[in-house]
Every structure is written in structure tokens, then in C-alpha cells.
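Just below is one structure, and these are the notes that go with it.
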Amino acid sequence: MSSEPIEHLKQLLCPNATWCVMLSSLVLCGLGVAAIGTVEPDYAVLQGRKWLPIALMVMIICTLPQPKLIGKASYPLMWLILAVLMYLLLPGAPLVPRINGATSWINVPGLMRIQPSELAKVIFILALARYLRYGSSYRTLFGLLVPFVIMLVPVLLIYQQPDLGTAMVFGPVLLAMLVAAGAKLRHLGGLMAIAATAMAVVVVISLWAPEPLQVLKPHQRQRIVSAIS
């Protein structure tokens with residue numbers, strides 16, 4: 001039997017920086033439940049007694065696999081989460097309620113409601129990290145295409161739910177990971193300029209273009225108007 005799993009468990013049990021992250025997560029969860037309690041005390045009790053313990057169990061389980069195993073599983077998990085995101089967009093898909101006009105959740109009968117886009121964030125980071133670790137083409141301008149495609153597919157699926165807020169999170173994460181991996185800043189700067197131009201065009205369209213030319217939903221345009229005014 002390989003000693004790697006045993007060594008991995010020893011590393012987890014020894015005091016390290018991971019403990020600080022877990023402690024910070026627990027503090028944030030406690031503050032979140034307390035904040036909910038100021039508005040809906042009954043729902044805060046439900047969060048503390050049911051959802052929080054489940055979340056803590058999942059967090060502990062996620063720390064057990066070895067990093068090598070997680071890396072190998074990242075691509076299959078990416079395909080799986082993309083399939084789930086596509087399932088959410090199917091008309092009349094079972095267990096997929098429409099909440100506030102969005103099909104972003106899957107109901108697990110008698111247990112809880114899961115938002116796959118939140119899982120997609122973590123799996124995207126794992127898949128991109130594996131690609132960046134074993135590749136080097138991202139140090140060229142055209143080589144950045146693959147990382148952007150890895151990001152673009154889940155972003156488009158999440159945007160169609162529609163969930164613009166979650167979709168926008170992927171861009172900064174991609175940029176940070178490319179910088180950490182050693183991508184050339186001049187290439188990233190050019191792409192950021194293109195992205196900023198595209199965002200400016202969307203804002204202009206949202207503010208002044210007639211309805212047939214709009215690319216965002218009314219509630220999304222309202223957020224832009226509210227932020228500027």
C-alpha cells in the first residue's frame with residue numbers, strides 16, 4: 001500500500017495555513033447566519049442546524065483527496081459540470097425550478113437546493129490550473145485562446161440561465177491565474193483593453209440604444225443605470 005495517503009493525512013492534521021482558511025470560512029459562515037437572523041430568525045436557525053453542518057461535512061470531505069487525484073479528476077469534473085449547466089437550460093427540465101426568472105438551481109427532493117454555477121467556479125479553477133501546469137502555449141498571444149475557451153463555455157451557459165453576476169466572476173479569476181502562471185503582461189493588457197472596450201459598448205447600448213438593440217435583460221440594465229446615476 002502506498003504511503004502517500006497516510007502522509008497526506010499527516011499534513012492535514014499538522015497546523016498549517018489551511019487551518020487559517022478553514023477558520024476564516026467558519027467565521028464568515030457564522031457572520032452570514034447572524035446577518036440572516038436579523039431579518040429572518042427562523043431561516044437563520046434552519047441555516048445553522050441543517051445547511052451549515054452539511055456544508056462543513058462537504059468541506060472536510062473535499063480536503064481528503066490527494067492533490068494529484070484532484071488534478072486527474074479536474075477534466076472529467078469539468079465535462080460533468082458543463083453537462084449539468086446545459087441540463088439547466090432544457091425547457092421543462094425536471095427538478096429545475098424557475099426562481100426570479102432564472103433556472104439556476106436543482107432541487108434535491110427532501111434535502112436541499114443546489115446551484116451548479118457555484119460548483120462550476122471551483123471546477124473551472126481546478127481544470128484551468130491543470131492546463132496551465134502542464135502547458136506553456138499560454139505565454140504566446142494565440143496560446144491564450146485555450147484558457148479563454150475553457151472560461152467562455154461555462155460563462156455562456158451561466159449567462160443563459162440568466163445569471164450575469166456569477167458569469168462575470170470567471171474573467172477576473174482567469175486573469176489572476178494567467179498572471180500567476182507567467183503569461184506575458186503585454187498580451188494580457190491588450191486583451192483587457194479589448195474587454196474594457198466591449199464593456200463600454202454594452203454600457204452605452206444599455207443607456208441609450210432602443211429596445212430591439214439591447215443585449216441585456218431589463219433588470220440587468222437597471223443595475224447599470226443605478227450604478228452610474
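Following the order of the C-alpha cells, chains are lettered A, B, ..., residues in each are numbered from 1, and ligands are numbered from 1.
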Exercise for the section: Skip Val45 of chain A itself and residues of its chain fewer than 6 positions away, then list as a PyMOL selection string all residues within 12 Å of it, counting only C-alpha atoms. Expected result: chain A and resi 30+32-39+51-53
Exercise for the section: Quick one: everything within 12 Å of Val173 of chain A, counting only C-alpha atoms, minus sequence neighbours fewer than 2 positions away in the same chain. Send it as a PyMOL selection string. Expected result: chain A and resi 121-122+124-126+128-129+147-148+151+166-171+175-180
Expected file contents, prior selection, C-alpha atoms, as a PDB file, in the first residue's frame:
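Generated output (again-v6.pdb):
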ATOM      1  CA  LYS A 121     -16.404  28.186 -10.229  1.00  0.00           C
ATOM      2  CA  VAL A 122     -14.313  25.689  -8.257  1.00  0.00           C
ATOM      3  CA  PHE A 124     -13.117  25.795 -13.547  1.00  0.00           C
ATOM      4  CA  ILE A 125     -10.191  26.761 -11.320  1.00  0.00           C
ATOM      5  CA  LEU A 126      -9.099  23.117 -10.994  1.00  0.00           C
ATOM      6  CA  LEU A 128      -7.527  25.679 -15.658  1.00  0.00           C
ATOM      7  CA  ALA A 129      -4.806  25.052 -13.064  1.00  0.00           C
ATOM      8  CA  PRO A 147      -7.674  29.248 -21.421  1.00  0.00           C
ATOM      9  CA  PHE A 148     -10.267  31.715 -22.700  1.00  0.00           C
ATOM     10  CA  MET A 151     -13.631  30.039 -19.378  1.00  0.00           C
ATOM     11  CA  THR A 166     -21.938  34.793 -11.497  1.00  0.00           C
ATOM     12  CA  ALA A 167     -20.781  34.742 -15.125  1.00  0.00           C
ATOM     13  CA  MET A 168     -18.737  37.919 -14.581  1.00  0.00           C
ATOM     14  CA  VAL A 169     -16.728  36.310 -11.773  1.00  0.00           C
ATOM     15  CA  PHE A 170     -14.862  33.991 -14.155  1.00  0.00           C
ATOM     16  CA  GLY A 171     -12.999  36.755 -16.002  1.00  0.00           C
ATOM     17  CA  LEU A 175      -6.743  36.899 -15.367  1.00  0.00           C
ATOM     18  CA  ALA A 176      -5.306  36.261 -11.890  1.00  0.00           C
ATOM     19  CA  MET A 177      -4.413  32.660 -12.729  1.00  0.00           C
ATOM     20  CA  LEU A 178      -2.746  33.628 -16.015  1.00  0.00           C
ATOM     21  CA  VAL A 179      -0.648  36.261 -14.253  1.00  0.00           C
ATOM     22  CA  ALA A 180       0.358  33.745 -11.574  1.00  0.00           C
TER      23      ALA A 180
END
Problem - Length of the atom CA of Pro154 of chain A to atom CA of His219 of chain A vector [Å] - result: 21.8 Å
Problem - Every residue of segment 73-201 of chain A that DSSP places in alpha helix (DSSP H), as a count of residues only - result: 85
Practice task
Please identify which residues in segment 46-165 of chain A DSSP calls strand (DSSP E) from the backbone, and express them as a ChimeraX atom specification.
Solution key: /A:106-108,112-114
Handout entry: Selection: 9 Å around Thr140 of chain A, only C-alpha atoms, excl. self and same-chain fewer than 4 positions, as a PyMOL selection string
Key = chain A and resi 136+144+183-184+187
Practice task
Between A:Met199, A:Leu191, A:Leu207, A:Leu46, single out the one closest to Met112 of chain A, counting only C-alpha atoms.
Solution key: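 Among the listed residues, the smallest separation from Met112 of chain A belongs to A:Leu46.
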Practice task
Report the distance between atom CA of Gly165 of chain A and atom CA of Ile61 of chain A in Å, rounded to one decimal place.
Solution key: 28.3 Å
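Taking atom CA of Met22 of chain A and atom CA of Val108 of chain A as endpoints, the distance between them is 26.5 Å.
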